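Asks: Here you go, this is final-v8.txt (compact mmCIF, C-alpha atoms).
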# COMPACT_ATOMS: atom_id res chain seq x y z
CA MET Q 975 -30.38 20.73 -10.78
CA ASN Q 976 -26.98 22.44 -10.62
CA ILE Q 977 -24.87 19.78 -12.32
CA ASN Q 978 -25.22 17.78 -15.50
CA LEU Q 979 -25.42 14.17 -14.39
CA HIS Q 980 -25.19 12.97 -17.96
CA THR Q 981 -21.77 14.67 -18.26
CA LEU Q 982 -20.55 12.84 -15.19
CA LEU Q 983 -21.93 9.55 -16.43
CA ALA Q 984 -20.26 10.00 -19.82
CA SER Q 985 -16.81 9.54 -18.27
CA PRO Q 986 -15.61 6.01 -19.08
CA ASN Q 987 -13.14 6.17 -16.22
CA GLN Q 988 -15.61 6.70 -13.41
CA GLN Q 989 -16.02 3.77 -11.03
CA TYR Q 990 -17.82 5.33 -8.07
CA LEU Q 991 -19.00 8.84 -7.40
CA PHE Q 992 -21.10 9.84 -4.43
CA ILE Q 993 -21.84 13.33 -3.16
CA GLY Q 994 -24.28 13.94 -0.34
CA TYR Q 995 -24.90 13.05 3.26
CA ILE Q 996 -22.78 10.03 4.14
CA THR Q 997 -23.73 7.51 6.81
CA ASN Q 998 -22.09 4.28 7.91
CA ASN Q 999 -24.60 2.42 5.74
CA ILE Q 1000 -23.34 4.30 2.69
CA LEU Q 1001 -19.74 3.58 3.64
CA ASP Q 1002 -20.65 -0.13 3.87
CA ALA Q 1003 -22.51 -0.17 0.56
CA ILE Q 1004 -19.67 1.36 -1.44
CA ALA Q 1005 -17.15 -0.84 0.39
CA ALA Q 1006 -19.16 -3.87 -0.76
CA GLY Q 1007 -19.08 -2.48 -4.29
CA ILE Q 1008 -15.32 -2.11 -4.17
CA GLU Q 1009 -15.00 -5.75 -3.24
CA GLU Q 1010 -17.58 -7.04 -5.69
CA VAL Q 1011 -16.90 -4.81 -8.68
CA ILE Q 1012 -13.43 -3.34 -8.49
CA ALA Q 1013 -11.69 -6.48 -7.28
CA ILE Q 1014 -12.76 -8.40 -10.39
CA GLN Q 1015 -11.61 -5.85 -12.96
CA PRO Q 1016 -8.23 -6.99 -14.29
CA GLU Q 1017 -6.77 -3.48 -14.35
CA MET Q 1018 -7.74 -2.91 -10.72
CA ALA Q 1019 -7.70 -6.33 -9.08
CA SER Q 1020 -4.12 -6.26 -7.86
CA ARG Q 1021 -4.69 -2.88 -6.23
CA TYR Q 1022 -8.14 -3.24 -4.78
CA ARG Q 1023 -6.91 -3.82 -1.22
CA TYR Q 1024 -5.11 -0.46 -1.35
CA VAL Q 1025 -8.19 1.16 -2.94
CA PHE Q 1026 -10.33 -0.33 -0.18
CA SER Q 1027 -8.11 0.87 2.66
CA ILE Q 1028 -7.70 4.41 1.30
CA TYR Q 1029 -11.43 4.56 0.62
CA VAL Q 1030 -12.26 3.56 4.23
CA GLU Q 1031 -9.80 6.08 5.70
CA MET Q 1032 -11.20 8.86 3.54
CA LEU Q 1033 -14.86 8.03 4.22
CA GLN Q 1034 -14.30 7.68 7.96
CA ASN Q 1035 -12.54 11.05 7.94
CA ILE Q 1036 -15.64 12.56 6.32
CA LEU Q 1037 -17.85 10.85 8.90
CA PHE Q 1038 -15.70 12.12 11.79
CA TYR Q 1039 -14.72 15.57 10.61
CA SER Q 1040 -17.24 16.95 8.10
CA ASP Q 1041 -18.52 20.25 9.37
CA GLN Q 1042 -21.94 19.84 7.73
CA ARG Q 1043 -24.00 17.28 9.61
CA LEU Q 1044 -27.56 16.08 10.11
CA GLU Q 1045 -28.95 14.05 12.96
CA ILE Q 1046 -30.55 10.89 11.65
CA ALA Q 1047 -33.40 8.84 13.03
CA SER Q 1048 -31.37 5.67 13.57
CA GLY Q 1049 -29.03 7.52 15.93
CA GLY Q 1050 -25.76 9.29 15.23
CA ASP Q 1051 -25.55 11.64 12.31
CA ALA Q 1052 -24.91 11.93 8.62
CA ALA Q 1053 -21.91 13.90 7.37
CA PHE Q 1054 -21.83 15.81 4.10
CA GLY Q 1055 -19.06 15.02 1.65
CA GLY Q 1056 -18.10 13.36 -1.60
CA ILE Q 1057 -16.00 10.41 -2.75
CA GLU Q 1058 -14.80 9.45 -6.20
CA ILE Q 1059 -12.96 6.35 -7.41
CA ALA Q 1060 -11.80 6.52 -11.01
CA LEU Q 1061 -9.31 5.08 -13.47
CA ASP Q 1062 -6.54 7.57 -14.17
CA ASP Q 1063 -4.13 6.44 -16.90
CA ASP Q 1064 -2.87 3.13 -15.56
CA LEU Q 1065 -3.67 4.00 -11.94
CA VAL Q 1066 -6.74 4.21 -9.75
CA SER Q 1067 -7.49 7.56 -8.12
CA ILE Q 1068 -9.43 7.92 -4.89
CA SER Q 1069 -10.60 11.41 -3.97
CA ALA Q 1070 -12.66 12.82 -1.14
CA VAL Q 1071 -14.08 16.24 -0.40
CA ASN Q 1072 -15.92 17.59 2.63
CA PRO Q 1073 -16.64 20.83 4.49
CA ILE Q 1074 -14.38 21.54 7.46
CA SER Q 1075 -14.39 24.14 10.21
CA VAL Q 1076 -11.81 26.91 10.45
CA ARG Q 1077 -10.25 25.09 13.42
CA GLN Q 1078 -9.98 21.87 11.44
CA TYR Q 1079 -8.59 23.81 8.48
CA SER Q 1080 -5.65 25.06 10.57
CA LYS Q 1081 -4.91 21.57 11.82
CA LEU Q 1082 -5.22 19.87 8.43
CA GLU Q 1083 -3.28 22.52 6.57
CA ALA Q 1084 -0.32 21.92 8.88
CA ILE Q 1085 -0.50 18.13 8.42
CA MET Q 1086 -0.84 18.38 4.64
CA ALA Q 1087 2.02 20.88 4.31
CA GLU Q 1088 4.20 18.62 6.45
CA ILE Q 1089 3.46 15.57 4.29
CA ALA Q 1090 3.87 17.50 1.01
CA ALA Q 1091 7.41 18.48 2.00
CA LEU Q 1092 8.49 14.83 2.42
CA SER Q 1093 9.90 12.37 -0.08
CA ALA Q 1094 8.34 8.89 -0.31
CA GLU Q 1095 11.08 7.47 1.92
CA GLU Q 1096 10.56 10.25 4.47
CA VAL Q 1097 6.80 9.62 4.44
CA ALA Q 1098 7.43 5.95 5.26
CA ARG Q 1099 9.77 6.91 8.12
CA SER Q 1100 7.38 9.56 9.43
CA TYR Q 1101 4.51 7.06 9.31
CA LYS Q 1102 6.38 4.78 11.68
CA GLN Q 1103 7.17 7.72 13.94
CA LYS Q 1104 3.45 8.63 13.94
CA MET Q 1105 2.65 5.05 14.92
CA MET Q 1106 4.97 5.46 17.89
CA ASP Q 1107 3.51 8.87 18.72
CA SER Q 1108 0.02 7.37 18.73
CA PHE Q 1109 1.18 5.11 21.56
CA GLU Q 1110 1.45 8.25 23.68
CA ASP Q 1111 -1.91 9.65 22.58
CA SER Q 1112 -4.47 6.85 22.79
CA GLU Q 1113 -7.48 9.18 23.00
CA SER Q 1114 -7.18 10.91 19.63
CA ARG Q 1115 -8.93 9.47 16.58
CA GLY Q 1116 -5.63 9.09 14.79
CA GLY Q 1117 -6.41 11.55 11.97
CA GLY Q 1118 -2.79 12.49 11.48
CA LEU Q 1119 -1.72 8.86 11.30
CA GLY Q 1120 -4.44 8.14 8.74
CA TYR Q 1121 -3.19 10.86 6.39
CA TYR Q 1122 0.35 9.55 6.63
CA GLU Q 1123 -0.98 6.08 5.90
CA ILE Q 1124 -2.77 7.32 2.78
CA ALA Q 1125 0.37 9.20 1.70
CA ARG Q 1126 2.49 6.09 2.12
CA LYS Q 1127 0.12 3.97 0.05
CA SER Q 1128 -0.28 6.54 -2.72
CA VAL Q 1129 2.12 5.92 -5.60
CA ARG Q 1130 1.94 9.61 -6.53
CA PRO Q 1131 2.24 12.47 -4.06
CA MET Q 1132 -1.17 13.13 -2.54
CA ARG Q 1133 -2.92 16.15 -3.99
CA TYR Q 1134 -4.90 18.35 -1.68
CA GLY Q 1135 -6.63 21.71 -1.62
CA PHE Q 1136 -8.62 23.98 0.65
CA PHE Q 1137 -11.39 26.11 -0.85
CA GLU Q 1138 -13.38 28.77 0.96
CA ASP Q 1139 -17.05 27.81 0.99
CA GLY Q 1140 -18.32 31.39 1.24
CA GLN Q 1141 -19.93 30.71 4.62
CA GLY Q 1142 -16.90 31.10 6.85
CA GLY Q 1143 -15.66 27.53 6.46
CA TYR Q 1144 -13.63 25.55 3.94
CA LEU Q 1145 -13.94 22.57 1.64
CA PHE Q 1146 -11.06 20.12 1.93
CA ARG Q 1147 -10.19 17.94 -1.04
CA LEU Q 1148 -7.71 15.06 -0.98
CA SER Q 1149 -6.66 12.67 -3.75
CA ALA Q 1150 -4.43 9.60 -3.74
CA TRP Q 1151 -3.41 7.11 -6.45
CA VAL Q 1152 -2.69 3.39 -6.34
CA MET L 152 -13.91 -17.72 25.03
CA ILE L 153 -15.06 -15.17 22.49
CA LEU L 154 -14.15 -11.66 23.64
CA ALA L 155 -15.71 -10.00 20.58
CA GLN L 156 -17.90 -11.40 17.83
CA ALA L 157 -16.87 -10.74 14.23
CA THR L 158 -18.93 -8.37 12.11
CA ALA L 159 -18.27 -6.99 8.63
CA LYS L 160 -16.25 -4.18 10.21
CA THR L 161 -14.88 -5.72 13.38
CA PRO L 162 -12.71 -8.77 14.02
CA GLU L 163 -13.40 -11.82 16.12
CA ILE L 164 -11.29 -11.76 19.26
CA PHE L 165 -10.91 -15.20 20.76
CA LEU L 166 -9.12 -16.31 23.91
CA ASP L 167 -8.20 -19.99 24.12
CA GLU L 168 -7.59 -20.19 27.85
CA SER L 169 -6.13 -23.70 27.86
CA ALA L 170 -3.43 -22.72 25.36
CA SER L 171 -3.18 -19.08 26.52
CA LEU L 172 -3.68 -18.14 22.88
CA ILE L 173 -5.36 -14.95 21.70
CA LYS L 174 -6.58 -14.78 18.10
CA ILE L 175 -7.66 -11.55 16.46
CA SER L 176 -9.03 -12.22 12.99
CA GLY L 177 -11.04 -10.45 10.32
CA ARG L 178 -11.37 -6.77 9.57
CA ALA L 179 -11.09 -3.84 11.92
CA TYR L 180 -12.59 -0.50 11.00
CA PRO L 181 -15.25 -0.06 13.68
CA GLU L 182 -17.67 2.86 13.63
CA ASP L 183 -16.98 3.41 17.33
CA LEU L 184 -13.28 2.73 17.84
CA HIS L 185 -13.17 2.71 21.64
CA GLY L 186 -16.67 1.25 21.92
CA PHE L 187 -15.42 -1.83 20.10
CA TRP L 188 -11.82 -2.22 21.29
CA ASP L 189 -11.68 -0.99 24.87
CA GLU L 190 -13.37 -3.85 26.72
CA PRO L 191 -11.68 -6.77 24.90
CA VAL L 192 -8.28 -5.07 25.10
CA GLN L 193 -8.70 -4.58 28.85
CA ARG L 194 -9.55 -8.27 29.20
CA ILE L 195 -6.57 -9.26 27.08
CA GLU L 196 -4.19 -7.10 29.10
CA LYS L 197 -5.57 -8.56 32.33
CA TRP L 198 -5.06 -12.06 30.93
CA VAL L 199 -1.51 -11.38 29.75
CA ALA L 200 -0.59 -9.87 33.13
CA SER L 201 -1.80 -13.01 34.90
CA GLN L 202 -0.08 -15.63 32.76
CA PRO L 203 3.54 -16.79 32.48
CA ARG L 204 3.17 -17.22 28.72
CA THR L 205 0.77 -15.91 26.05
CA THR L 206 0.67 -16.35 22.29
CA PHE L 207 -1.05 -13.95 19.89
CA HIS L 208 -2.25 -14.74 16.38
CA PHE L 209 -3.13 -11.67 14.33
CA ASP L 210 -5.00 -12.55 11.15
CA LEU L 211 -6.30 -9.17 10.04
CA ASN L 212 -6.88 -8.58 6.34
CA TYR L 213 -7.61 -4.91 6.88
CA HIS L 214 -7.49 -2.50 9.81
CA ASN L 215 -7.86 1.25 9.81
CA SER L 216 -5.51 3.82 11.32
CA GLY L 217 -7.56 4.06 14.51
CA SER L 218 -7.19 0.31 15.04
CA THR L 219 -3.47 0.62 14.33
CA ARG L 220 -3.19 2.88 17.38
CA ILE L 221 -5.09 0.38 19.50
CA LEU L 222 -2.85 -2.48 18.35
CA ILE L 223 0.32 -0.47 18.97
CA ASN L 224 -0.83 0.19 22.51
CA LEU L 225 -1.67 -3.47 23.06
CA ILE L 226 1.63 -4.65 21.61
CA LYS L 227 3.58 -2.09 23.65
CA PHE L 228 1.75 -3.24 26.78
CA CYS L 229 2.82 -6.80 26.01
CA GLU L 230 6.37 -5.64 25.44
CA SER L 231 6.33 -4.04 28.92
CA GLN L 232 5.29 -7.40 30.39
CA LEU L 233 8.55 -8.97 29.24
CA LEU L 234 10.21 -7.07 32.07
CA GLN L 235 7.98 -8.97 34.49
CA GLY L 236 9.43 -12.22 33.17
CA ARG L 237 6.43 -13.18 31.03
CA GLN L 238 6.89 -14.93 27.70
CA ILE L 239 4.90 -13.45 24.86
CA GLU L 240 4.98 -14.52 21.24
CA MET L 241 3.13 -12.91 18.37
CA SER L 242 2.45 -14.16 14.85
CA TRP L 243 1.13 -11.93 12.11
CA PHE L 244 -0.60 -13.84 9.29
CA TYR L 245 -1.13 -12.59 5.74
CA ASP L 246 -2.24 -13.93 2.37
CA GLU L 247 0.44 -14.44 -0.25
CA GLU L 248 -0.98 -11.72 -2.51
CA ASP L 249 -1.73 -9.30 0.31
CA GLU L 250 1.31 -7.04 0.21
CA GLN L 251 -0.44 -4.40 2.33
CA THR L 252 -1.05 -6.66 5.34
CA ALA L 253 2.49 -8.05 5.11
CA GLU L 254 3.87 -4.51 5.11
CA GLN L 255 1.83 -3.62 8.18
CA GLY L 256 3.17 -6.68 9.98
CA GLU L 257 6.71 -5.51 9.15
CA ASP L 258 5.91 -2.14 10.71
CA TYR L 259 4.77 -3.71 13.98
CA ARG L 260 7.75 -6.04 14.06
CA GLU L 261 10.13 -3.13 13.57
CA ILE L 262 8.47 -0.95 16.20
CA CYS L 263 8.21 -3.69 18.84
CA SER L 264 11.65 -5.14 18.37
CA ASN L 265 11.90 -6.61 21.88
CA LEU L 266 9.00 -9.00 21.27
CA SER L 267 9.08 -12.30 19.43
CA PHE L 268 7.04 -11.15 16.42
CA THR L 269 6.85 -13.48 13.42
CA LEU L 270 5.33 -12.86 10.00
CA ALA L 271 3.69 -15.96 8.54
CA GLN L 272 2.20 -16.48 5.10
CA LYS L 273 -1.15 -18.31 5.29
Step by step, read the file and then write its structure as structure tokens.
Replies:
Amino acid sequence: MNINLHTLLASPNQQYLFIGYITNNILDAIAAGIEEVIAIQPEMASRYRYVFSIYVEMLQNILFYSDQRLEIASGGDAAFGGIEIALDDDLVSISAVNPISVRQYSKLEAIMAEIAALSAEEVARSYKQKMMDSFEDSESRGGGLGYYEIARKSVRPMRYGFFEDGQGGYLFRLSAWV
Amino acid sequence: MILAQATAKTPEIFLDESASLIKISGRAYPEDLHGFWDEPVQRIEKWVASQPRTTFHFDLNYHNSGSTRILINLIKFCESQLLQGRQIEMSWFYDEEDEQTAEQGEDYREICSNLSFTLAQK
């Protein structure tokens, strides 16, 4: 075992942490947990809808774009990645990490740099512009729009990073706070 | 007529032909975006293009960014039908405490300013 699970479990702020191959069934199971567990905690209840929506966007991005995949018996495939929901001071943080290809890295780096350069008001304006742009591009999966949506909902600037995985690809990490 | 059955991740899409009313209610974050939306949206657009008047009720308590793009396209299609002399009204419903859904409704209303688009608290 490469990590100390007991260290992770010792954190009082941890709500959900999953690292591994993610399927739609796993997305559904954690989504149910968010509704059943997070929504009833007084410090999180008022924000759980935002937690839920950011969580779904992040998990679906892993399912669509993770560069490490396995075909599964029920059809489709499983995508490798991680998700964490935690209390952070008086906020809730939602973070995701997954492997991406070099091609995806170039695309995401441009989107993230663009968002990072914007103020909160500019993010809100750009989000609406992206909505309009999506009208012209009905075939894409809307990845760019989804990142703007997360940025708009996050009460702190999103934090992101790209880390070389040593195998010619990258790991992409993204965090948001509500 | 039910155009799509509700599941945990997809909304019910219902067409009341006698009232020319289309209701889209529930959650929308389908695993297969186009697999879920394409057929009902085509049927809705065909309906709208054949009627003098259509009303939409959106009662979505969550939809993902992919579904946002589908809805924008549908709403923009409806907006284009105004030029053909059709009357189209849309209502966007939200729970009192659901600031997120209300905010999304405001976005659609702002973007599709030619349509009658009303936000309504449930």
Asks: Which distance in Å separates atom CA of Ser1128 of chain Q and atom CA of Val1097 of chain Q, to one decimal?
Replies: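 Going from atom CA of Ser1128 of chain Q over to atom CA of Val1097 of chain Q covers 10.5 Å.
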Asks: Tell me, counting all atoms listed in the file, for each residue of chain Q within 12 Å of chain L, which pair of atoms is nearest and how far apart they are in Å to one decimal, in rows ordered by chain and increasing number, as JSON lines.
Replies:
{"residue": "Q:Thr997", "atom": "CA", "partner": "L:Glu182", "partner_atom": "CA", "distance": 10.2}
{"residue": "Q:Asn998", "atom": "CA", "partner": "L:Glu182", "partner_atom": "CA", "distance": 7.4}
{"residue": "Q:Asn999", "atom": "CA", "partner": "L:Glu182", "partner_atom": "CA", "distance": 10.5}
{"residue": "Q:Leu1001", "atom": "CA", "partner": "L:Glu182", "partner_atom": "CA", "distance": 10.2}
{"residue": "Q:Asp1002", "atom": "CA", "partner": "L:Ala159", "partner_atom": "CA", "distance": 8.7}
{"residue": "Q:Ala1003", "atom": "CA", "partner": "L:Ala159", "partner_atom": "CA", "distance": 11.4}
{"residue": "Q:Ala1005", "atom": "CA", "partner": "L:Ala159", "partner_atom": "CA", "distance": 10.3}
{"residue": "Q:Ala1006", "atom": "CA", "partner": "L:Ala159", "partner_atom": "CA", "distance": 9.9}
{"residue": "Q:Ala1019", "atom": "CA", "partner": "L:Glu248", "partner_atom": "CA", "distance": 10.8}
{"residue": "Q:Ser1020", "atom": "CA", "partner": "L:Glu248", "partner_atom": "CA", "distance": 8.3}
{"residue": "Q:Arg1021", "atom": "CA", "partner": "L:Asp249", "partner_atom": "CA", "distance": 9.6}
{"residue": "Q:Tyr1022", "atom": "CA", "partner": "L:Asp249", "partner_atom": "CA", "distance": 10.2}
{"residue": "Q:Arg1023", "atom": "CA", "partner": "L:Gln251", "partner_atom": "CA", "distance": 7.4}
{"residue": "Q:Tyr1024", "atom": "CA", "partner": "L:Gln251", "partner_atom": "CA", "distance": 7.1}
{"residue": "Q:Val1025", "atom": "CA", "partner": "L:Gln251", "partner_atom": "CA", "distance": 10.9}
{"residue": "Q:Phe1026", "atom": "CA", "partner": "L:Tyr213", "partner_atom": "CA", "distance": 8.8}
{"residue": "Q:Ser1027", "atom": "CA", "partner": "L:Asn215", "partner_atom": "CA", "distance": 7.2}
{"residue": "Q:Ile1028", "atom": "CA", "partner": "L:Asn215", "partner_atom": "CA", "distance": 9.1}
{"residue": "Q:Tyr1029", "atom": "CA", "partner": "L:Asn215", "partner_atom": "CA", "distance": 10.4}
{"residue": "Q:Val1030", "atom": "CA", "partner": "L:Asn215", "partner_atom": "CA", "distance": 7.5}
{"residue": "Q:Glu1031", "atom": "CA", "partner": "L:Asn215", "partner_atom": "CA", "distance": 6.6}
{"residue": "Q:Met1032", "atom": "CA", "partner": "L:Asn215", "partner_atom": "CA", "distance": 10.4}
{"residue": "Q:Leu1033", "atom": "CA", "partner": "L:Glu182", "partner_atom": "CA", "distance": 11.1}
{"residue": "Q:Gln1034", "atom": "CA", "partner": "L:Glu182", "partner_atom": "CA", "distance": 8.2}
{"residue": "Q:Asn1035", "atom": "CA", "partner": "L:Ser216", "partner_atom": "CA", "distance": 10.6}
{"residue": "Q:Leu1037", "atom": "CA", "partner": "L:Glu182", "partner_atom": "CA", "distance": 9.3}
{"residue": "Q:Phe1038", "atom": "CA", "partner": "L:Glu182", "partner_atom": "CA", "distance": 9.6}
{"residue": "Q:Gly1050", "atom": "CA", "partner": "L:Glu182", "partner_atom": "CA", "distance": 10.5}
{"residue": "Q:Asp1051", "atom": "CA", "partner": "L:Glu182", "partner_atom": "CA", "distance": 11.9}
{"residue": "Q:Ala1098", "atom": "CA", "partner": "L:Asp258", "partner_atom": "CA", "distance": 9.9}
{"residue": "Q:Arg1099", "atom": "CA", "partner": "L:Asp258", "partner_atom": "CA", "distance": 10.2}
{"residue": "Q:Ser1100", "atom": "CA", "partner": "L:Asp258", "partner_atom": "CA", "distance": 11.9}
{"residue": "Q:Tyr1101", "atom": "CA", "partner": "L:Asp258", "partner_atom": "CA", "distance": 9.4}
{"residue": "Q:Lys1102", "atom": "CA", "partner": "L:Asp258", "partner_atom": "CA", "distance": 7.0}
{"residue": "Q:Gln1103", "atom": "CA", "partner": "L:Ile262", "partner_atom": "CA", "distance": 9.1}
{"residue": "Q:Lys1104", "atom": "CA", "partner": "L:Arg220", "partner_atom": "CA", "distance": 9.4}
{"residue": "Q:Met1105", "atom": "CA", "partner": "L:Arg220", "partner_atom": "CA", "distance": 6.7}
{"residue": "Q:Met1106", "atom": "CA", "partner": "L:Ile262", "partner_atom": "CA", "distance": 7.5}
{"residue": "Q:Asp1107", "atom": "CA", "partner": "L:Arg220", "partner_atom": "CA", "distance": 9.1}
{"residue": "Q:Ser1108", "atom": "CA", "partner": "L:Arg220", "partner_atom": "CA", "distance": 5.7}
{"residue": "Q:Phe1109", "atom": "CA", "partner": "L:Asn224", "partner_atom": "CA", "distance": 5.4}
{"residue": "Q:Glu1110", "atom": "CA", "partner": "L:Asn224", "partner_atom": "CA", "distance": 8.5}
{"residue": "Q:Asp1111", "atom": "CA", "partner": "L:Arg220", "partner_atom": "CA", "distance": 8.6}
{"residue": "Q:Ser1112", "atom": "CA", "partner": "L:Arg220", "partner_atom": "CA", "distance": 6.8}
{"residue": "Q:Glu1113", "atom": "CA", "partner": "L:His185", "partner_atom": "CA", "distance": 8.7}
{"residue": "Q:Ser1114", "atom": "CA", "partner": "L:Gly217", "partner_atom": "CA", "distance": 8.6}
{"residue": "Q:Arg1115", "atom": "CA", "partner": "L:Gly217", "partner_atom": "CA", "distance": 6.0}
{"residue": "Q:Gly1116", "atom": "CA", "partner": "L:Gly217", "partner_atom": "CA", "distance": 5.4}
{"residue": "Q:Gly1117", "atom": "CA", "partner": "L:Ser216", "partner_atom": "CA", "distance": 7.8}
{"residue": "Q:Gly1118", "atom": "CA", "partner": "L:Ser216", "partner_atom": "CA", "distance": 9.1}
{"residue": "Q:Leu1119", "atom": "CA", "partner": "L:Ser216", "partner_atom": "CA", "distance": 6.3}
{"residue": "Q:Gly1120", "atom": "CA", "partner": "L:Ser216", "partner_atom": "CA", "distance": 5.1}
{"residue": "Q:Tyr1121", "atom": "CA", "partner": "L:Ser216", "partner_atom": "CA", "distance": 8.9}
{"residue": "Q:Tyr1122", "atom": "CA", "partner": "L:Ser216", "partner_atom": "CA", "distance": 9.4}
{"residue": "Q:Glu1123", "atom": "CA", "partner": "L:Ser216", "partner_atom": "CA", "distance": 7.4}
{"residue": "Q:Ile1124", "atom": "CA", "partner": "L:Ser216", "partner_atom": "CA", "distance": 9.6}
{"residue": "Q:Arg1126", "atom": "CA", "partner": "L:Gln251", "partner_atom": "CA", "distance": 10.9}
{"residue": "Q:Lys1127", "atom": "CA", "partner": "L:Gln251", "partner_atom": "CA", "distance": 8.7}
{"residue": "Q:Val1152", "atom": "CA", "partner": "L:Gln251", "partner_atom": "CA", "distance": 11.9}
Asks: One decimal, in Å: what's the spacing between atom CA of Leu211 of chain L and atom CA of Arg178 of chain L?
Replies: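 So the two atoms, atom CA of Leu211 of chain L and atom CA of Arg178 of chain L, lie 5.6 Å apart.
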Asks: Between Q:Ser1067, Q:Gln1015, Q:Ser1048, Q:Asn1072, which one has atoms that come closest to Ile993 of chain Q, using only C-alpha atoms?
Replies: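 For Ile993 of chain Q, the nearest of the given residues is Q:Asn1072.
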Asks: Applying 9 Å and only C-alpha atoms, which residues near Val1071 of chain Q remain after dropping the ones on its own chain fewer than 2 positions away? List them as a VMD selection string.
Replies: chain Q and resid 993 1032 1036 1054 to 1058 1069 1073 1145 to 1149
Asks: Within 7 Å of Glu240 of chain L, counting all atoms listed in the file, which residues qualify if same-chain residues fewer than 5 places away don't, as an MDAnalysis selection string?
Replies: chainID L and resid 205:207 266:268
Asks: Counting all atoms listed in the file, I want the residues whose atoms come within 10 Å of (-1.8, -11.8, 27.5) in the file frame, returned as an mmCIF file with C-alpha atoms, in the frame of the given file.
Replies:
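The resulting file, part-v4.cif, is shown below:
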data_model
loop_
_atom_site.group_PDB
_atom_site.id
_atom_site.type_symbol
_atom_site.label_atom_id
_atom_site.label_comp_id
_atom_site.auth_asym_id
_atom_site.auth_seq_id
_atom_site.Cartn_x
_atom_site.Cartn_y
_atom_site.Cartn_z
ATOM 1 C CA LEU L 166 -9.120 -16.310 23.910
ATOM 2 C CA SER L 171 -3.180 -19.080 26.520
ATOM 3 C CA LEU L 172 -3.680 -18.140 22.880
ATOM 4 C CA ILE L 173 -5.360 -14.950 21.700
ATOM 5 C CA VAL L 192 -8.280 -5.070 25.100
ATOM 6 C CA ARG L 194 -9.550 -8.270 29.200
ATOM 7 C CA ILE L 195 -6.570 -9.260 27.080
ATOM 8 C CA GLU L 196 -4.190 -7.100 29.100
ATOM 9 C CA LYS L 197 -5.570 -8.560 32.330
ATOM 10 C CA TRP L 198 -5.060 -12.060 30.930
ATOM 11 C CA VAL L 199 -1.510 -11.380 29.750
ATOM 12 C CA ALA L 200 -0.590 -9.870 33.130
ATOM 13 C CA SER L 201 -1.800 -13.010 34.900
ATOM 14 C CA GLN L 202 -0.080 -15.630 32.760
ATOM 15 C CA PRO L 203 3.540 -16.790 32.480
ATOM 16 C CA ARG L 204 3.170 -17.220 28.720
ATOM 17 C CA THR L 205 0.770 -15.910 26.050
ATOM 18 C CA THR L 206 0.670 -16.350 22.290
ATOM 19 C CA PHE L 207 -1.050 -13.950 19.890
ATOM 20 C CA LEU L 225 -1.670 -3.470 23.060
ATOM 21 C CA ILE L 226 1.630 -4.650 21.610
ATOM 22 C CA PHE L 228 1.750 -3.240 26.780
ATOM 23 C CA CYS L 229 2.820 -6.800 26.010
ATOM 24 C CA GLN L 232 5.290 -7.400 30.390
ATOM 25 C CA ARG L 237 6.430 -13.180 31.030
ATOM 26 C CA GLN L 238 6.890 -14.930 27.700
ATOM 27 C CA ILE L 239 4.900 -13.450 24.860
ATOM 28 C CA GLU L 240 4.980 -14.520 21.240
#
Asks: For the point (-16.6, 3.0, -15.0) in file coordinates, what residues are within 12 Å, counting all atoms listed in the file? Give the answer as a VMD selection string?
Replies: chain Q and resid 982 to 991 1011 to 1012 1015 1017 to 1018 1058 to 1062 1066
Asks: What does the distance from atom CA of Leu270 of chain L to atom CA of Glu1095 of chain Q come to in Å, to one decimal?
Replies: 22.6 Å
Asks: Which residues, written as an mmCIF file with C-alpha atoms, in the coordinates of the input, have at least one atom at most 7 Å from His208 of chain L, with only C-alpha atoms counted and residues fewer than 6 positions away on the same chain left out?
Replies:
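And here is the file that came out, out19.cif:
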data_model
loop_
_atom_site.group_PDB
_atom_site.id
_atom_site.type_symbol
_atom_site.label_atom_id
_atom_site.label_comp_id
_atom_site.auth_asym_id
_atom_site.auth_seq_id
_atom_site.Cartn_x
_atom_site.Cartn_y
_atom_site.Cartn_z
ATOM 1 C CA ILE L 173 -5.360 -14.950 21.700
ATOM 2 C CA LYS L 174 -6.580 -14.780 18.100
ATOM 3 C CA ILE L 175 -7.660 -11.550 16.460
ATOM 4 C CA MET L 241 3.130 -12.910 18.370
ATOM 5 C CA SER L 242 2.450 -14.160 14.850
ATOM 6 C CA TRP L 243 1.130 -11.930 12.110
#
